[in-house]
>>> print(open('model.cif').read())   # mmCIF, C-alpha atoms and all ligand atoms
data_my_file
loop_
_atom_site.label_atom_id
_atom_site.label_comp_id
_atom_site.auth_asym_id
_atom_site.auth_seq_id
_atom_site.Cartn_x
_atom_site.Cartn_y
_atom_site.Cartn_z
CA MET A 26 0.89 11.45 34.07
CA GLY A 27 1.59 14.48 31.87
CA ILE A 28 3.69 17.23 33.35
CA ALA A 29 4.16 20.89 32.62
CA PRO A 30 7.52 21.77 31.10
CA ALA A 31 9.99 21.93 33.96
CA THR A 32 11.69 25.14 34.95
CA LYS A 33 15.44 25.03 35.66
CA ASP A 34 14.91 25.00 39.44
CA ASP A 35 12.81 21.90 39.05
CA ASP A 36 15.70 19.93 37.60
CA LEU A 37 17.73 17.79 39.96
CA VAL A 38 20.20 16.73 37.26
CA THR A 39 21.23 18.69 34.17
CA ILE A 40 23.25 16.91 31.50
CA THR A 41 24.87 19.05 28.82
CA GLY A 42 26.67 17.85 25.70
CA LEU A 43 27.77 14.64 27.39
CA THR A 44 30.13 12.50 25.32
CA ARG A 45 32.18 9.46 26.22
CA GLU A 46 34.65 7.87 23.83
CA PHE A 47 36.21 4.42 24.05
CA SER A 48 39.27 3.42 22.08
CA SER A 49 40.47 0.02 21.03
CA GLY A 50 43.40 -1.34 19.06
CA GLY A 51 46.48 0.74 18.68
CA GLY A 52 48.76 -2.28 18.57
CA PHE A 53 50.86 -3.67 15.72
CA LEU A 54 48.78 -3.82 12.51
CA ARG A 55 45.74 -2.78 14.48
CA PRO A 56 44.85 0.83 13.92
CA ARG A 57 43.56 2.68 16.93
CA ARG A 58 39.83 3.14 16.63
CA THR A 59 37.59 5.38 18.68
CA MET A 60 33.86 5.14 19.18
CA ARG A 61 31.41 7.35 21.01
CA ALA A 62 29.30 5.25 23.36
CA VAL A 63 27.48 8.41 24.43
CA ASN A 64 27.44 11.16 21.83
CA ASP A 65 26.51 14.75 22.68
CA VAL A 66 23.61 13.96 25.01
CA SER A 67 21.81 16.86 26.69
CA LEU A 68 19.03 16.12 29.09
CA ASP A 69 17.29 17.44 32.20
CA VAL A 70 16.06 15.18 34.97
CA PRO A 71 13.17 16.89 36.77
CA ARG A 72 12.89 16.49 40.54
CA GLY A 73 10.39 13.98 41.84
CA LYS A 74 9.75 12.55 38.37
CA VAL A 75 10.72 9.41 36.51
CA THR A 76 12.84 10.06 33.44
CA GLY A 77 13.15 7.01 31.23
CA VAL A 78 16.00 6.17 28.87
CA VAL A 79 15.25 3.51 26.29
CA GLY A 80 17.11 1.92 23.40
CA GLU A 81 18.60 -1.32 22.14
CA SER A 82 21.42 -3.10 23.89
CA GLY A 83 24.70 -1.33 23.10
CA CYS A 84 23.18 2.12 22.49
CA GLY A 85 25.00 3.62 25.46
CA LYS A 86 22.45 3.44 28.30
CA SER A 87 24.75 1.97 30.95
CA THR A 88 27.58 4.28 29.91
CA LEU A 89 25.20 7.22 30.34
CA ALA A 90 24.17 5.88 33.77
CA ARG A 91 27.78 5.65 34.91
CA LEU A 92 28.60 9.11 33.56
CA VAL A 93 25.64 10.64 35.36
CA LEU A 94 26.87 9.23 38.68
CA ARG A 95 30.48 10.04 37.81
CA LEU A 96 31.46 6.40 38.11
CA LEU A 97 33.03 7.09 34.72
CA GLU A 98 34.64 10.34 33.53
CA ALA A 99 33.18 12.11 30.52
CA THR A 100 35.28 12.86 27.44
CA THR A 101 33.42 16.15 27.10
CA GLY A 102 30.26 17.65 28.52
CA THR A 103 28.97 18.22 32.02
CA VAL A 104 26.67 16.69 34.60
CA GLU A 105 25.24 19.01 37.23
CA PHE A 106 23.65 17.51 40.30
CA ASP A 107 21.56 19.97 42.30
CA GLY A 108 23.41 22.82 40.61
CA LYS A 109 26.89 21.37 41.24
CA ASP A 110 29.16 20.40 38.36
CA LEU A 111 30.22 16.87 39.32
CA ALA A 112 33.56 17.06 37.50
CA ALA A 113 34.52 20.10 39.59
CA GLN A 114 33.96 18.37 42.95
CA SER A 115 36.85 17.29 45.13
CA GLN A 116 37.07 13.66 46.25
CA GLY A 117 35.70 14.61 49.65
CA GLU A 118 32.79 16.52 48.17
CA MET A 119 32.10 13.72 45.73
CA ARG A 120 32.01 11.27 48.61
CA LYS A 121 29.30 13.32 50.30
CA LEU A 122 27.34 13.65 47.05
CA ARG A 123 27.56 9.89 46.50
CA ARG A 124 25.20 9.33 49.40
CA GLN A 125 22.54 11.23 47.52
CA MET A 126 22.85 9.35 44.24
CA GLN A 127 22.69 5.60 44.00
CA MET A 128 22.44 2.95 41.31
CA VAL A 129 20.23 -0.14 41.09
CA PHE A 130 21.58 -2.77 38.70
CA GLN A 131 19.92 -5.45 36.61
CA ASP A 132 21.67 -8.07 38.70
CA PRO A 133 22.11 -6.49 42.13
CA TYR A 134 24.14 -9.44 43.35
CA SER A 135 26.85 -9.27 40.74
CA ALA A 136 28.59 -6.75 42.99
CA ILE A 137 27.97 -8.52 46.28
CA ASP A 138 29.96 -11.31 47.86
CA PRO A 139 27.72 -14.43 47.67
CA ARG A 140 28.90 -15.36 51.16
CA TYR A 141 27.27 -12.23 52.63
CA THR A 142 23.96 -12.56 54.41
CA ILE A 143 21.22 -10.08 53.49
CA ARG A 144 21.89 -8.32 56.80
CA ARG A 145 25.54 -7.83 55.95
CA ALA A 146 24.77 -6.75 52.39
CA LEU A 147 22.42 -4.07 53.73
CA LEU A 148 24.96 -2.77 56.21
CA GLU A 149 27.78 -2.61 53.68
CA PRO A 150 26.91 0.88 52.31
CA PHE A 151 27.45 2.32 55.81
CA GLN A 152 30.84 0.63 56.08
CA VAL A 153 31.84 1.92 52.66
CA GLN A 154 30.95 5.43 53.79
CA GLY A 155 32.95 4.90 57.01
CA GLU A 156 29.84 5.32 59.11
CA ALA A 157 29.95 3.53 62.46
CA GLN A 158 26.71 2.21 63.90
CA THR A 159 25.99 0.63 67.26
CA ALA A 160 24.52 -2.88 67.13
CA ALA A 161 21.10 -1.47 68.03
CA GLU A 162 21.28 1.17 65.30
CA ALA A 163 22.40 -1.38 62.76
CA LYS A 164 19.48 -3.62 63.65
CA ALA A 165 16.97 -0.77 63.42
CA THR A 166 18.41 0.29 60.05
CA VAL A 167 18.21 -3.15 58.54
CA ASP A 168 14.73 -3.80 59.95
CA GLU A 169 13.48 -0.59 58.43
CA LEU A 170 15.13 -1.15 55.04
CA ILE A 171 13.88 -4.68 54.71
CA SER A 172 10.29 -3.79 55.54
CA MET A 173 10.43 -0.76 53.26
CA VAL A 174 10.96 -3.06 50.27
CA GLY A 175 8.31 -5.55 51.39
CA LEU A 176 10.56 -8.38 52.57
CA SER A 177 10.18 -10.34 55.78
CA PRO A 178 12.76 -9.73 58.55
CA ARG A 179 13.07 -13.52 58.63
CA MET A 180 15.12 -13.23 55.44
CA MET A 181 17.85 -11.27 57.14
CA GLU A 182 20.12 -14.25 57.72
CA SER A 183 19.56 -15.73 54.24
CA PHE A 184 22.17 -15.83 51.51
CA PRO A 185 21.63 -14.50 47.99
CA HIS A 186 21.28 -17.95 46.41
CA GLN A 187 18.32 -18.68 48.71
CA LEU A 188 16.34 -15.76 47.28
CA SER A 189 14.19 -15.53 44.16
CA GLY A 190 15.05 -13.00 41.44
CA GLY A 191 12.37 -10.59 42.65
CA GLN A 192 13.51 -10.87 46.27
CA LYS A 193 17.10 -10.25 45.26
CA GLN A 194 16.11 -7.12 43.40
CA ARG A 195 14.20 -5.93 46.48
CA VAL A 196 17.43 -6.33 48.47
CA GLY A 197 19.26 -4.42 45.71
CA ILE A 198 16.77 -1.57 46.04
CA ALA A 199 17.02 -1.62 49.85
CA ARG A 200 20.80 -1.38 49.59
CA ALA A 201 20.53 1.58 47.23
CA LEU A 202 18.18 3.30 49.70
CA ALA A 203 20.33 2.65 52.77
CA LEU A 204 22.04 6.05 52.79
CA ARG A 205 18.80 7.95 52.10
CA PRO A 206 19.57 9.13 48.57
CA THR A 207 17.43 11.62 46.66
CA PHE A 208 18.31 10.27 43.21
CA LEU A 209 18.30 6.70 41.90
CA VAL A 210 19.63 5.51 38.57
CA LEU A 211 17.90 2.23 37.80
CA ASP A 212 19.77 0.35 35.07
CA GLU A 213 17.35 -2.27 33.67
CA PRO A 214 16.22 -3.27 37.19
CA THR A 215 13.53 -5.65 35.92
CA ALA A 216 15.13 -6.97 32.73
CA SER A 217 15.90 -10.42 34.13
CA LEU A 218 12.57 -10.90 35.91
CA ASP A 219 9.32 -12.59 34.83
CA VAL A 220 6.61 -10.21 33.70
CA SER A 221 4.47 -10.62 36.86
CA ILE A 222 7.46 -10.06 39.15
CA GLN A 223 8.51 -7.13 36.98
CA ALA A 224 5.12 -5.49 37.66
CA GLN A 225 5.56 -5.96 41.43
CA ILE A 226 8.98 -4.32 41.36
CA ILE A 227 7.65 -1.41 39.31
CA ASP A 228 4.81 -0.98 41.86
CA LEU A 229 7.34 -1.00 44.67
CA LEU A 230 9.51 1.59 42.92
CA GLU A 231 6.47 3.76 42.30
CA SER A 232 5.40 3.76 45.95
CA LEU A 233 8.95 4.29 47.26
CA LYS A 234 9.27 7.28 45.00
CA GLU A 235 6.11 8.83 46.46
CA GLU A 236 6.96 7.95 50.04
CA LEU A 237 10.57 9.14 49.96
CA GLY A 238 10.26 11.93 47.37
CA LEU A 239 12.80 10.30 45.05
CA THR A 240 13.86 11.22 41.54
CA TYR A 241 14.55 8.39 39.10
CA LEU A 242 16.52 7.90 35.93
CA PHE A 243 15.04 4.62 34.73
CA ILE A 244 16.87 2.71 32.02
CA SER A 245 15.32 -0.06 29.94
CA HIS A 246 15.27 -1.61 26.49
CA ASP A 247 11.48 -1.91 26.73
CA LEU A 248 9.71 1.17 25.40
CA SER A 249 6.26 -0.07 26.44
CA LEU A 250 7.41 -0.46 30.04
CA VAL A 251 9.16 2.89 30.04
CA ARG A 252 6.11 4.65 28.60
CA TYR A 253 3.96 3.14 31.33
CA PHE A 254 6.27 3.95 34.21
CA CYS A 255 8.01 7.19 33.23
CA ASP A 256 6.94 10.82 33.16
CA ARG A 257 9.24 11.50 30.22
CA VAL A 258 11.00 9.17 27.87
CA VAL A 259 14.34 9.62 26.14
CA VAL A 260 14.90 7.36 23.13
CA MET A 261 18.57 6.64 22.37
CA TYR A 262 20.22 5.09 19.33
CA LEU A 263 23.96 4.58 18.86
CA GLY A 264 24.81 6.97 21.66
CA ARG A 265 22.52 9.76 20.49
CA VAL A 266 19.16 11.08 21.61
CA MET A 267 16.59 10.45 18.87
CA GLU A 268 13.43 11.59 20.62
CA ILE A 269 12.23 12.90 23.98
CA LEU A 270 8.58 12.22 24.81
CA PRO A 271 7.29 14.75 27.35
CA GLY A 272 4.67 12.44 28.88
CA ALA A 273 3.32 8.92 28.85
CA GLU A 274 0.49 9.93 26.53
CA ALA A 275 2.77 11.55 23.92
CA ARG A 276 2.90 9.51 20.73
CA PRO A 277 6.36 8.68 19.38
CA ARG A 278 6.99 10.27 15.98
CA HIS A 279 10.54 9.09 15.35
CA HIS A 280 10.89 6.07 13.05
CA TYR A 281 13.21 4.37 15.48
CA ALA A 282 10.86 4.87 18.44
CA HIS A 283 8.12 3.33 16.31
CA ALA A 284 10.28 0.35 15.53
CA LEU A 285 10.85 -0.11 19.26
CA LEU A 286 7.11 -0.21 19.86
CA ASP A 287 6.56 -2.76 17.10
CA SER A 288 5.82 -6.11 18.66
CA ASN A 289 7.91 -7.91 16.04
CA PHE A 290 10.95 -6.03 17.11
CA GLU A 291 12.98 -7.48 19.93
CA PRO A 292 15.37 -4.84 21.27
CA ASP A 293 17.39 -7.33 23.30
CA PRO A 294 19.79 -8.96 20.80
CA ALA A 295 20.17 -11.97 23.08
CA ARG A 296 16.50 -12.77 22.51
CA ARG A 297 16.12 -11.37 19.01
CA LYS A 298 14.88 -13.84 16.45
CA VAL A 299 13.72 -12.16 13.30
CA VAL A 300 13.48 -8.44 12.88
CA THR A 301 10.71 -8.12 10.37
CA MET A 302 10.11 -4.44 10.33
CA LEU A 303 13.63 -3.12 10.31
CA GLY A 304 15.88 -3.99 7.45
CA GLY A 305 19.55 -3.25 7.59
CA GLU A 306 22.23 -3.84 10.16
CA ILE A 307 23.06 -1.66 13.10
CA PRO A 308 26.16 0.18 11.86
CA SER A 309 29.41 -0.57 13.66
CA PRO A 310 29.78 1.75 16.63
CA PHE A 311 33.19 2.68 15.17
CA ALA A 312 31.70 3.89 11.88
CA THR A 313 31.50 7.64 11.46
CA ILE A 314 28.03 8.45 10.25
CA PRO A 315 27.63 11.89 8.70
CA GLY A 316 23.82 11.89 8.61
CA CYS A 317 21.11 10.34 10.76
CA ALA A 318 22.48 7.39 12.77
CA PHE A 319 19.31 5.43 11.98
CA ALA A 320 19.40 5.99 8.20
CA ALA A 321 20.74 2.50 7.38
CA ARG A 322 17.63 0.89 8.89
CA CYS A 323 14.97 3.54 8.41
CA PRO A 324 12.16 2.89 5.88
CA ALA A 325 11.81 6.66 5.31
CA ALA A 326 15.49 7.50 4.82
CA SER A 327 16.17 10.08 2.10
CA GLU A 328 19.40 11.40 0.58
CA LEU A 329 19.22 14.28 3.04
CA CYS A 330 19.08 11.81 5.96
CA LYS A 331 22.26 10.11 4.77
CA ARG A 332 24.04 13.43 4.29
CA GLU A 333 22.97 15.63 7.18
CA ARG A 334 22.41 14.81 10.80
CA PRO A 335 19.01 16.06 11.93
CA PRO A 336 19.25 18.34 14.98
CA LEU A 337 17.16 17.62 18.07
CA ALA A 338 14.27 20.05 17.58
CA ASP A 339 11.31 20.96 19.78
CA LEU A 340 7.88 20.09 18.38
CA GLY A 341 6.30 22.05 21.25
CA ASN A 342 5.45 21.03 24.84
CA GLY A 343 8.93 19.62 25.31
CA HIS A 344 8.47 16.93 22.67
CA MET A 345 11.90 16.79 21.01
CA ILE A 346 12.81 14.88 17.90
CA ALA A 347 15.90 14.42 15.72
CA CYS A 348 14.40 13.49 12.36
CA HIS A 349 14.16 15.12 8.92
CA HIS A 350 10.85 13.40 8.16
CA PRO A 351 8.95 12.71 11.40
CA MET A 352 5.91 10.43 11.27
CA ASP A 353 2.47 12.05 11.50
N1 LIG B 401 34.63 0.08 29.19
C1 LIG B 401 34.36 0.01 27.89
N2 LIG B 401 35.36 -0.11 26.96
C2 LIG B 401 35.10 -0.15 25.64
N3 LIG B 401 33.87 -0.09 25.12
C3 LIG B 401 32.82 0.03 25.98
C4 LIG B 401 33.02 0.08 27.40
N4 LIG B 401 31.80 0.19 27.99
C5 LIG B 401 30.89 0.20 26.99
N5 LIG B 401 31.50 0.11 25.78
C6 LIG B 401 30.84 0.13 24.46
O1 LIG B 401 29.97 1.24 24.43
C7 LIG B 401 28.75 0.92 23.79
C8 LIG B 401 27.60 1.19 24.71
O2 LIG B 401 27.61 0.24 25.75
P1 LIG B 401 26.59 0.31 26.96
O3 LIG B 401 26.61 1.67 27.54
O4 LIG B 401 26.87 -0.81 27.88
O5 LIG B 401 25.18 0.09 26.23
P2 LIG B 401 23.78 -0.43 26.80
O6 LIG B 401 23.79 -0.30 28.28
O7 LIG B 401 22.77 0.42 26.12
O8 LIG B 401 23.66 -1.85 26.38
C9 LIG B 401 28.87 -0.52 23.34
O9 LIG B 401 29.28 -0.55 21.99
C10 LIG B 401 29.93 -1.08 24.26
O10 LIG B 401 30.63 -2.13 23.64
S1 LIG B 402 16.19 11.49 9.86
FE1 LIG B 402 15.68 10.28 8.06
S2 LIG B 402 16.72 8.31 8.42
FE2 LIG B 402 16.65 9.37 10.38
S3 LIG B 402 14.80 8.61 11.34
FE3 LIG B 402 14.23 10.49 10.29
S4 LIG B 402 13.51 9.81 8.28
FE4 LIG B 402 14.63 8.09 9.17
MG MG B 403 23.33 -1.69 29.76
#
>>> encode(input="model.cif", output="structure tokens", more="lines below")
Ligand SMILES: Nc1ncnc2c1ncn2[C@@H]1O[C@H](COP(=O)(O)OP(=O)(O)O)[C@@H](O)[C@H]1O
Ligand code: SF4
Ligand SMILES: [Mg+2]
Amino acid sequence: MGIAPATKDDDLVTITGLTREFSSGGGFLRPRRTMRAVNDVSLDVPRGKVTGVVGESGCGKSTLARLVLRLLEATTGTVEFDGKDLAAQSQGEMRKLRRQMQMVFQDPYSAIDPRYTIRRALLEPFQVQGEAQTAAEAKATVDELISMVGLSPRMMESFPHQLSGGQKQRVGIARALALRPTFLVLDEPTASLDVSIQAQIIDLLESLKEELGLTYLFISHDLSLVRYFCDRVVVMYLGRVMEILPGAEARPRHHYAHALLDSNFEPDPARRKVVTMLGGEIPSPFATIPGCAFAARCPAASELCKRERPPLADLGNGHMIACHHPMD
């Protein structure tokens, strides 16, 4: 699954210096505090490939996803989609671009009225875009979408609560594909599914990508899954990029990426029991860390690590790492 380093023309999305701050407090006796959920992230998303973003819960993955689709405004930095700076687009232009970029959520039904049938849920994107369809067109559209994601047309009149988790996610994917996008951001699309169902959804995503020539930004807290599915992998920690693996076969050399691969380490805090390998607490997202963001938990941290932030440097072949003392 290795790929040659992409040229600029090969990139569908180019992210440069992207930062998003959130503030809290500011009331009586509560000082205003600011944190950077996404901190100076630069990243290219090559066309027709799967770019993975991985990291623990709270590291900024969903914020990055929303920034990339301009569902959230950046504090600083830019996102270019097909050469167009998203922040510079008018509302009308943005509306057109929205058709080309869609999101698949962990729980696709959180955004859908539970009283909607599958048919209605699949037709909603057209209504949102103000696109009128005749009854015959609407039927053809829904028939095609539903078969594309491997569901039976018999399910069309079902309601969300009558579907299994895997079936619901298939409907979520069908909805995202309704307007024929070129780019999908998949935010933990399999995180709430059983392992066997997860594999089926990944297979489906893989074949849809080939069939429709899609580009994916695939977000997960599971590095093993991301390494299996993605052409390149971006490892994030506390809003920053720690490492970029250029291919599935590239071995992680960052201490944090290693910790993520360790079977004792559970990156989902909801399910975390004991973290044996990593000592130390995740620093508060409001703390200003002068050095490496991972220093408090890293077994190899030196004085230099605590003092100076390691820049993201190229090891060759597009393998990037932000670490003063990379692993061999
Ligand atoms: N709308 C918001 N207001 C304030 N803080 C937010 C908001 N959205 C996200 N955050 C904070 O930003 C950080 C990153 O969150 P998020 O992007 O959801 O991470 P992830 O998807 O990796 O779990 C977290 O500390 C979270 O609390
Ligand atoms: S820079 Fe230092 S603290 Fe950070 S990961 Fe590398 S060795 Fe560990
Ligand atoms: Mg998230």
>>> residues_near_ligand(input="model.cif", ligand="ligand LIG 402 (chain B)", cutoff="9 Å", atoms="only C-alpha atoms and all ligand atoms", output="PyMOL selection string")
chain A and resi 267+279-282+316-331+333-335+346-352
>>> closest_residue(input="model.cif", among="A:Gly108, A:Gly50, A:Pro133, A:Gly238", to="ligand LIG 401 (chain B)", atoms="all atoms listed in the file")
A:Gly50
>>> residues_around(input="model.cif", residues="region 90-107 of chain A", least_positions_apart="4", cutoff="6 Å", atoms="all atoms listed in the file", output="list in words")
Leu37, Val38, Thr39, Ile40, Thr41, Gly42, Leu43, Thr44, Arg45 and Leu111 of chain A
>>> residues_near_point(input="model.cif", point="(6.7, -0.2, 42.7)", cutoff="12 Å", atoms="all atoms listed in the file", output="mmCIF file with C-alpha atoms, in the coordinates of the input")
data_model
loop_
_atom_site.group_PDB
_atom_site.id
_atom_site.type_symbol
_atom_site.label_atom_id
_atom_site.label_comp_id
_atom_site.auth_asym_id
_atom_site.auth_seq_id
_atom_site.Cartn_x
_atom_site.Cartn_y
_atom_site.Cartn_z
ATOM 1 C CA MET A 173 10.430 -0.760 53.260
ATOM 2 C CA VAL A 174 10.960 -3.060 50.270
ATOM 3 C CA GLY A 175 8.310 -5.550 51.390
ATOM 4 C CA GLY A 191 12.370 -10.590 42.650
ATOM 5 C CA GLN A 194 16.110 -7.120 43.400
ATOM 6 C CA ARG A 195 14.200 -5.930 46.480
ATOM 7 C CA ILE A 198 16.770 -1.570 46.040
ATOM 8 C CA PRO A 214 16.220 -3.270 37.190
ATOM 9 C CA THR A 215 13.530 -5.650 35.920
ATOM 10 C CA ILE A 222 7.460 -10.060 39.150
ATOM 11 C CA GLN A 223 8.510 -7.130 36.980
ATOM 12 C CA ALA A 224 5.120 -5.490 37.660
ATOM 13 C CA GLN A 225 5.560 -5.960 41.430
ATOM 14 C CA ILE A 226 8.980 -4.320 41.360
ATOM 15 C CA ILE A 227 7.650 -1.410 39.310
ATOM 16 C CA ASP A 228 4.810 -0.980 41.860
ATOM 17 C CA LEU A 229 7.340 -1.000 44.670
ATOM 18 C CA LEU A 230 9.510 1.590 42.920
ATOM 19 C CA GLU A 231 6.470 3.760 42.300
ATOM 20 C CA SER A 232 5.400 3.760 45.950
ATOM 21 C CA LEU A 233 8.950 4.290 47.260
ATOM 22 C CA LYS A 234 9.270 7.280 45.000
ATOM 23 C CA GLU A 235 6.110 8.830 46.460
ATOM 24 C CA GLU A 236 6.960 7.950 50.040
ATOM 25 C CA PHE A 254 6.270 3.950 34.210
#
>>> residues_near_ligand(input="model.cif", ligand="ligand LIG 401 (chain B)", cutoff="10 Å", atoms="all atoms listed in the file", output="ChimeraX atom specification")
/A:45-49,59-63,78-92,97,212-213,244-246,261-264,293-294,309-311
>>> write_last_selection(input="model.cif", atoms="C-alpha atoms", output="JSON list (two decimals), keeping the file's coordinate frame")
[["chain", "number", "residue", "atom", "x", "y", "z"],
["A", 45, "ARG", "CA", 32.18, 9.46, 26.22],
["A", 46, "GLU", "CA", 34.65, 7.87, 23.83],
["A", 47, "PHE", "CA", 36.21, 4.42, 24.05],
["A", 48, "SER", "CA", 39.27, 3.42, 22.08],
["A", 49, "SER", "CA", 40.47, 0.02, 21.03],
["A", 59, "THR", "CA", 37.59, 5.38, 18.68],
["A", 60, "MET", "CA", 33.86, 5.14, 19.18],
["A", 61, "ARG", "CA", 31.41, 7.35, 21.01],
["A", 62, "ALA", "CA", 29.30, 5.25, 23.36],
["A", 63, "VAL", "CA", 27.48, 8.41, 24.43],
["A", 78, "VAL", "CA", 16.00, 6.17, 28.87],
["A", 79, "VAL", "CA", 15.25, 3.51, 26.29],
["A", 80, "GLY", "CA", 17.11, 1.92, 23.40],
["A", 81, "GLU", "CA", 18.60, -1.32, 22.14],
["A", 82, "SER", "CA", 21.42, -3.10, 23.89],
["A", 83, "GLY", "CA", 24.70, -1.33, 23.10],
["A", 84, "CYS", "CA", 23.18, 2.12, 22.49],
["A", 85, "GLY", "CA", 25.00, 3.62, 25.46],
["A", 86, "LYS", "CA", 22.45, 3.44, 28.30],
["A", 87, "SER", "CA", 24.75, 1.97, 30.95],
["A", 88, "THR", "CA", 27.58, 4.28, 29.91],
["A", 89, "LEU", "CA", 25.20, 7.22, 30.34],
["A", 90, "ALA", "CA", 24.17, 5.88, 33.77],
["A", 91, "ARG", "CA", 27.78, 5.65, 34.91],
["A", 92, "LEU", "CA", 28.60, 9.11, 33.56],
["A", 97, "LEU", "CA", 33.03, 7.09, 34.72],
["A", 212, "ASP", "CA", 19.77, 0.35, 35.07],
["A", 213, "GLU", "CA", 17.35, -2.27, 33.67],
["A", 244, "ILE", "CA", 16.87, 2.71, 32.02],
["A", 245, "SER", "CA", 15.32, -0.06, 29.94],
["A", 246, "HIS", "CA", 15.27, -1.61, 26.49],
["A", 261, "MET", "CA", 18.57, 6.64, 22.37],
["A", 262, "TYR", "CA", 20.22, 5.09, 19.33],
["A", 263, "LEU", "CA", 23.96, 4.58, 18.86],
["A", 264, "GLY", "CA", 24.81, 6.97, 21.66],
["A", 293, "ASP", "CA", 17.39, -7.33, 23.30],
["A", 294, "PRO", "CA", 19.79, -8.96, 20.80],
["A", 309, "SER", "CA", 29.41, -0.57, 13.66],
["A", 310, "PRO", "CA", 29.78, 1.75, 16.63],
["A", 311, "PHE", "CA", 33.19, 2.68, 15.17]]
>>> atom_distance(input="model.cif", atom1="CA of Arg276 (chain A)", atom2="CA of Thr76 (chain A)")
16.1 Å
>>> closest_residue(input="model.cif", among="A:Lys109, A:Ala312, A:Asp287, A:Ala275", to="Met345 (chain A)", atoms="only C-alpha atoms")
A:Ala275
>>> closest_residue(input="model.cif", among="A:Leu211, A:Leu286, A:Val259, A:Val70", to="ligand MG 403 (chain B)", atoms="all atoms listed in the file")
A:Leu211
>>> residues_around(input="model.cif", residues="region 207-209 of chain A", least_positions_apart="5", cutoff="6 Å", atoms="all atoms listed in the file", output="PyMOL selection string")
chain A and resi 125-128+239-241
>>> closest_residue(input="model.cif", among="A:Glu274, A:Val196, A:Asn64, A:Arg265", to="Arg252 (chain A)", atoms="all atoms listed in the file")
A:Glu274
>>> atom_distance(input="model.cif", atom1="CA of Lys121 (chain A)", atom2="atom MG of ligand MG 403 (chain B)")
26.1 Å
>>> atom_distance(input="model.cif", atom1="CA of Ile314 (chain A)", atom2="CA of Ser249 (chain A)")
28.4 Å
>>> closest_residue(input="model.cif", among="A:Met180, A:Leu54, A:Leu248, A:Ala216", to="ligand MG 403 (chain B)", atoms="only C-alpha atoms and all ligand atoms")
A:Ala216
>>> closest_residue(input="model.cif", among="A:Ala146, A:Gln154, A:Leu242, A:Pro277", to="Gly117 (chain A)", atoms="all atoms listed in the file")
A:Gln154
>>> residues_around(input="model.cif", residues="Pro271 (chain A)", least_positions_apart="2", cutoff="6 Å", atoms="all atoms listed in the file", output="MDAnalysis selection string")
chainID A and resid 257 343:344
>>> axis_aligned_box(input="model.cif", around="region 334-348 of chain A", padding_each_side="8 Å", output="lines of an AutoDock Vina configuration file")
center_x = 13.9
center_y = 17.8
center_z = 18.1
size_x = 33.0
size_y = 24.6
size_z = 30.5
>>> decode(input="model.cif", residues="region 194-206 of chain A", atoms="N, CA and C atoms", output="PDB file, in the first residue's frame")
ATOM      1  N   GLN A 194     -24.838   2.563  10.205  1.00  0.00           N
ATOM      2  CA  GLN A 194     -23.659   3.229   9.651  1.00  0.00           C
ATOM      3  C   GLN A 194     -23.667   3.144   8.129  1.00  0.00           C
ATOM      4  N   ARG A 195     -24.198   2.059   7.578  1.00  0.00           N
ATOM      5  CA  ARG A 195     -24.327   1.979   6.116  1.00  0.00           C
ATOM      6  C   ARG A 195     -25.252   3.086   5.606  1.00  0.00           C
ATOM      7  N   VAL A 196     -26.324   3.347   6.329  1.00  0.00           N
ATOM      8  CA  VAL A 196     -27.233   4.441   5.938  1.00  0.00           C
ATOM      9  C   VAL A 196     -26.495   5.783   6.056  1.00  0.00           C
ATOM     10  N   GLY A 197     -25.697   5.925   7.113  1.00  0.00           N
ATOM     11  CA  GLY A 197     -24.908   7.159   7.287  1.00  0.00           C
ATOM     12  C   GLY A 197     -23.963   7.384   6.108  1.00  0.00           C
ATOM     13  N   ILE A 198     -23.358   6.304   5.640  1.00  0.00           N
ATOM     14  CA  ILE A 198     -22.441   6.407   4.496  1.00  0.00           C
ATOM     15  C   ILE A 198     -23.234   6.734   3.224  1.00  0.00           C
ATOM     16  N   ALA A 199     -24.387   6.081   3.059  1.00  0.00           N
ATOM     17  CA  ALA A 199     -25.220   6.354   1.876  1.00  0.00           C
ATOM     18  C   ALA A 199     -25.651   7.828   1.836  1.00  0.00           C
ATOM     19  N   ARG A 200     -26.016   8.346   2.997  1.00  0.00           N
ATOM     20  CA  ARG A 200     -26.404   9.763   3.081  1.00  0.00           C
ATOM     21  C   ARG A 200     -25.249  10.677   2.685  1.00  0.00           C
ATOM     22  N   ALA A 201     -24.059  10.335   3.169  1.00  0.00           N
ATOM     23  CA  ALA A 201     -22.881  11.156   2.845  1.00  0.00           C
ATOM     24  C   ALA A 201     -22.582  11.103   1.343  1.00  0.00           C
ATOM     25  N   LEU A 202     -22.948   9.976   0.690  1.00  0.00           N
ATOM     26  CA  LEU A 202     -22.634   9.830  -0.732  1.00  0.00           C
ATOM     27  C   LEU A 202     -23.712  10.404  -1.651  1.00  0.00           C
ATOM     28  N   ALA A 203     -24.850  10.788  -1.060  1.00  0.00           N
ATOM     29  CA  ALA A 203     -26.014  11.173  -1.858  1.00  0.00           C
ATOM     30  C   ALA A 203     -25.696  12.236  -2.911  1.00  0.00           C
ATOM     31  N   LEU A 204     -24.929  13.235  -2.542  1.00  0.00           N
ATOM     32  CA  LEU A 204     -24.678  14.343  -3.466  1.00  0.00           C
ATOM     33  C   LEU A 204     -23.408  14.140  -4.290  1.00  0.00           C
ATOM     34  N   ARG A 205     -22.941  12.904  -4.348  1.00  0.00           N
ATOM     35  CA  ARG A 205     -21.769  12.549  -5.167  1.00  0.00           C
ATOM     36  C   ARG A 205     -20.522  13.350  -4.794  1.00  0.00           C
ATOM     37  N   PRO A 206     -20.102  13.272  -3.539  1.00  0.00           N
ATOM     38  CA  PRO A 206     -18.914  14.025  -3.134  1.00  0.00           C
ATOM     39  C   PRO A 206     -17.638  13.383  -3.694  1.00  0.00           C
TER      40      PRO A 206
END
